[in-house]
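K.L.:
The structure that follows is given in the form of structure tokens.
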Amino acid sequence: MKTILMVFLCLFMTPGYSAENYKTITFHEASISLPAKWSVSKKNDCMFVKDKQVSASDYLKICRDSSSEEGDYFKENDDGEWEAVTDGVPVLADVNVTPEFTGMSAIVSCKYKDDAGYHSEQCFQAEINLPLKISFIFTSSGGPELFKKYKDVYLSFRVK
């Protein structure tokens, strides 16, 4: 009886809290770490990354562009703090400054249009400005559980 119980225990035991595997993707002057199970497609100067297990409309778009003096998705307010440019209430940006780049990220209110009309939801946006007037823009929508993963991808950004 003990042997049968041990066999069933071994057969139906599932691993818990295993670490997720990551892969490194090179994208122009940078590399980004993504969960290994995510799919990646590139078109022009943009890369689309997506968890295969979520809705088709939930993805992270990363684009490379020439940057202007002021950010595309972030601006400095009257108090000298960086905030996200959104349709709703301004959101203070999470600012990361390194010798290689300045990065800003925020979860914001965004609007999108599909077959059912206009919708408003939370979105993730981030911007990385390199000293060479090159920027990388991260924009995405999706459930709140994806925002932590999106921010982890943004924070994994490394200049080659």
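Letters A, B, ... mark the chains of the structure tokens in the order given; residue numbers begin at 1 per chain; ligand numbers begin at 1, in order shown.
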Skipping near chain neighbours, those fewer than 3 positions away, what residues fall within 7 Å of Phe136 in chain A using only C-alpha atoms, listed as a list of chain:residue names?

P.N.:
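Listed by chain and then number, they are A:Ile62, A:Cys63, A:Arg64, A:Asp65, A:Glu127, A:Ile128, A:Asn129.
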
K.L.:
Could you pull out the strand (DSSP E or B) residues of range 23-132 of chain A, going by DSSP on the backbone, and write them as number ranges by chain?

P.N.:
A: 23-27, 30-35, 38-43, 46-51, 60-66, 74-76, 82-84, 91-92, 94-97, 102-114, 117-130

K.L.:
To one decimal in Å, tell me the separation between CA of Ser57 in chain A and CA of Glu83 in chain A.

P.N.:
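Answer for the CA of Ser57 in chain A to CA of Glu83 in chain A separation: 25.9 Å.
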
K.L.:
A:Trp82, A:Val49, A:Ser120, A:Ser105: which is nearest Ile32 in chain A, counting only C-alpha atoms?

P.N.:
A:Val49

K.L.:
Using only C-alpha atoms, find the one residue out of A:Pro35, A:Pro90, A:Gly117, A:Pro131 that sits nearest to Lys149 in chain A.

P.N.:
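Looking only at the distances to Lys149 in chain A, the closest residue turns out to be A:Pro35.
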
K.L.:
Out of A:Leu155, A:Val54, A:Met47, A:Leu146, which residue has the shortest atom-to-atom distance to Val97 in chain A when counting only C-alpha atoms?

P.N.:
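So, comparing all the options, the nearest one is A:Leu155.
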
K.L.:
By how many Å are CA of Asn96 in chain A and CA of Ser109 in chain A apart?

P.N.:
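These two atoms are separated by 21.3 Å.
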
K.L.:
What does the distance between CA of Ala126 in chain A and CA of Phe74 in chain A come to in Å, to one decimal place?

P.N.:
8.5 Å

K.L.:
Report as a VMD selection string all protein, DNA and RNA residues lying within 12 Å of range 91-95 of chain A, evaluated on only C-alpha atoms, omitting residues in the same chain fewer than 5 positions from it.

P.N.:
chain A and resid 71 73 to 77 79 to 86 101 to 110 122 to 129 151 154 to 155

K.L.:
Just the selected residues (N, CA and C atoms), exported as an mmCIF file, in the first residue's frame, please.

P.N.:
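again11.cif written:
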```
data_model
loop_
_atom_site.group_PDB
_atom_site.id
_atom_site.type_symbol
_atom_site.label_atom_id
_atom_site.label_comp_id
_atom_site.auth_asym_id
_atom_site.auth_seq_id
_atom_site.Cartn_x
_atom_site.Cartn_y
_atom_site.Cartn_z
ATOM 1 N N GLY A 71 11.193 64.071 -24.489
ATOM 2 C CA GLY A 71 10.700 62.729 -24.751
ATOM 3 C C GLY A 71 9.390 62.721 -25.520
ATOM 4 N N TYR A 73 6.967 60.341 -24.906
ATOM 5 C CA TYR A 73 5.925 59.896 -23.996
ATOM 6 C C TYR A 73 6.049 60.489 -22.596
ATOM 7 N N PHE A 74 7.110 61.245 -22.335
ATOM 8 C CA PHE A 74 7.336 61.834 -21.020
ATOM 9 C C PHE A 74 7.757 63.284 -21.189
ATOM 10 N N LYS A 75 7.364 64.122 -20.233
ATOM 11 C CA LYS A 75 7.775 65.529 -20.268
ATOM 12 C C LYS A 75 8.049 65.985 -18.836
ATOM 13 N N GLU A 76 8.814 67.046 -18.727
ATOM 14 C CA GLU A 76 9.125 67.605 -17.417
ATOM 15 C C GLU A 76 8.019 68.589 -17.037
ATOM 16 N N ASN A 77 7.454 68.427 -15.838
ATOM 17 C CA ASN A 77 6.380 69.329 -15.412
ATOM 18 C C ASN A 77 6.955 70.609 -14.806
ATOM 19 N N ASP A 79 7.253 71.514 -11.812
ATOM 20 C CA ASP A 79 8.046 71.262 -10.602
ATOM 21 C C ASP A 79 9.378 70.584 -10.902
ATOM 22 N N GLY A 80 9.676 70.368 -12.188
ATOM 23 C CA GLY A 80 10.939 69.729 -12.567
ATOM 24 C C GLY A 80 10.919 68.219 -12.466
ATOM 25 N N GLU A 81 9.731 67.623 -12.274
ATOM 26 C CA GLU A 81 9.618 66.161 -12.218
ATOM 27 C C GLU A 81 9.130 65.646 -13.566
ATOM 28 N N TRP A 82 9.584 64.437 -13.920
ATOM 29 C CA TRP A 82 9.151 63.844 -15.185
ATOM 30 C C TRP A 82 7.818 63.154 -14.976
ATOM 31 N N GLU A 83 6.915 63.345 -15.943
ATOM 32 C CA GLU A 83 5.627 62.674 -15.876
ATOM 33 C C GLU A 83 5.260 62.129 -17.249
ATOM 34 N N ALA A 84 4.412 61.111 -17.228
ATOM 35 C CA ALA A 84 3.970 60.486 -18.462
ATOM 36 C C ALA A 84 2.917 61.347 -19.138
ATOM 37 N N VAL A 85 2.959 61.408 -20.445
ATOM 38 C CA VAL A 85 1.969 62.127 -21.238
ATOM 39 C C VAL A 85 0.825 61.149 -21.478
ATOM 40 N N THR A 86 -0.338 61.443 -20.909
ATOM 41 C CA THR A 86 -1.488 60.539 -21.028
ATOM 42 C C THR A 86 -2.734 61.329 -21.342
ATOM 43 N N PHE A 101 22.327 55.589 -20.474
ATOM 44 C CA PHE A 101 21.035 56.089 -20.942
ATOM 45 C C PHE A 101 20.198 56.617 -19.785
ATOM 46 N N THR A 102 19.153 57.336 -20.166
ATOM 47 C CA THR A 102 18.122 57.750 -19.218
ATOM 48 C C THR A 102 16.849 57.027 -19.613
ATOM 49 N N GLY A 103 16.198 56.389 -18.647
ATOM 50 C CA GLY A 103 14.968 55.660 -18.912
ATOM 51 C C GLY A 103 13.855 56.111 -17.997
ATOM 52 N N MET A 104 12.637 56.091 -18.506
ATOM 53 C CA MET A 104 11.464 56.443 -17.726
ATOM 54 C C MET A 104 10.359 55.459 -18.027
ATOM 55 N N SER A 105 9.584 55.096 -17.007
ATOM 56 C CA SER A 105 8.469 54.178 -17.220
ATOM 57 C C SER A 105 7.292 54.587 -16.354
ATOM 58 N N ALA A 106 6.089 54.176 -16.765
ATOM 59 C CA ALA A 106 4.874 54.470 -16.006
ATOM 60 C C ALA A 106 3.740 53.581 -16.501
ATOM 61 N N ILE A 107 2.789 53.351 -15.616
ATOM 62 C CA ILE A 107 1.528 52.717 -16.003
ATOM 63 C C ILE A 107 0.526 53.858 -16.124
ATOM 64 N N VAL A 108 -0.100 53.960 -17.285
ATOM 65 C CA VAL A 108 -0.915 55.127 -17.612
ATOM 66 C C VAL A 108 -2.307 54.711 -18.079
ATOM 67 N N SER A 109 -3.172 55.694 -18.215
ATOM 68 C CA SER A 109 -4.485 55.486 -18.803
ATOM 69 C C SER A 109 -4.337 55.665 -20.312
ATOM 70 N N CYS A 110 -4.852 54.725 -21.065
ATOM 71 C CA CYS A 110 -4.740 54.849 -22.527
ATOM 72 C C CYS A 110 -6.056 54.463 -23.182
ATOM 73 N N GLN A 122 -5.675 50.511 -18.609
ATOM 74 C CA GLN A 122 -4.305 50.812 -18.203
ATOM 75 C C GLN A 122 -3.340 50.294 -19.256
ATOM 76 N N CYS A 123 -2.266 51.036 -19.468
ATOM 77 C CA CYS A 123 -1.209 50.633 -20.393
ATOM 78 C C CYS A 123 0.144 50.892 -19.751
ATOM 79 N N PHE A 124 1.147 50.199 -20.232
ATOM 80 C CA PHE A 124 2.522 50.402 -19.785
ATOM 81 C C PHE A 124 3.235 51.182 -20.875
ATOM 82 N N GLN A 125 4.003 52.206 -20.481
ATOM 83 C CA GLN A 125 4.841 52.900 -21.459
ATOM 84 C C GLN A 125 6.180 53.219 -20.821
ATOM 85 N N ALA A 126 7.206 53.136 -21.620
ATOM 86 C CA ALA A 126 8.558 53.439 -21.156
ATOM 87 C C ALA A 126 9.332 54.018 -22.322
ATOM 88 N N GLU A 127 10.347 54.789 -21.993
ATOM 89 C CA GLU A 127 11.173 55.420 -23.008
ATOM 90 C C GLU A 127 12.615 55.410 -22.526
ATOM 91 N N ILE A 128 13.523 55.005 -23.398
ATOM 92 C CA ILE A 128 14.951 55.020 -23.084
ATOM 93 C C ILE A 128 15.635 55.918 -24.104
ATOM 94 N N ASN A 129 16.352 56.923 -23.614
ATOM 95 C CA ASN A 129 17.051 57.855 -24.494
ATOM 96 C C ASN A 129 18.549 57.646 -24.353
ATOM 97 N N LYS A 151 7.715 45.550 -17.213
ATOM 98 C CA LYS A 151 8.725 46.382 -16.560
ATOM 99 C C LYS A 151 10.033 45.614 -16.420
ATOM 100 N N TYR A 154 11.741 45.896 -19.707
ATOM 101 C CA TYR A 154 12.291 47.257 -19.814
ATOM 102 C C TYR A 154 13.563 47.401 -18.975
ATOM 103 N N LEU A 155 13.541 46.890 -17.745
ATOM 104 C CA LEU A 155 14.710 47.005 -16.865
ATOM 105 C C LEU A 155 15.880 46.129 -17.309
#
```

K.L.:
Please extract the residues of range 7-158 of chain A with a backbone DSSP assignment of alpha helix (DSSP H) and present them as a ChimeraX atom specification.

P.N.:
/A:7-12,144-155

K.L.:
Please provide as a list in words all residues within 10 Å of Lys50 in chain A, with the sequence filter that same-chain residues fewer than 6 positions apart are discarded (counting only C-alpha atoms).

P.N.:
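Answer for this query is Leu34, Pro35, Lys37, Trp38, Ser39, Val40, Ser41, Ala56, Ser57, Asp58, Tyr59, Leu60, Lys61, Ser140, Leu146 and Tyr150 of chain A.
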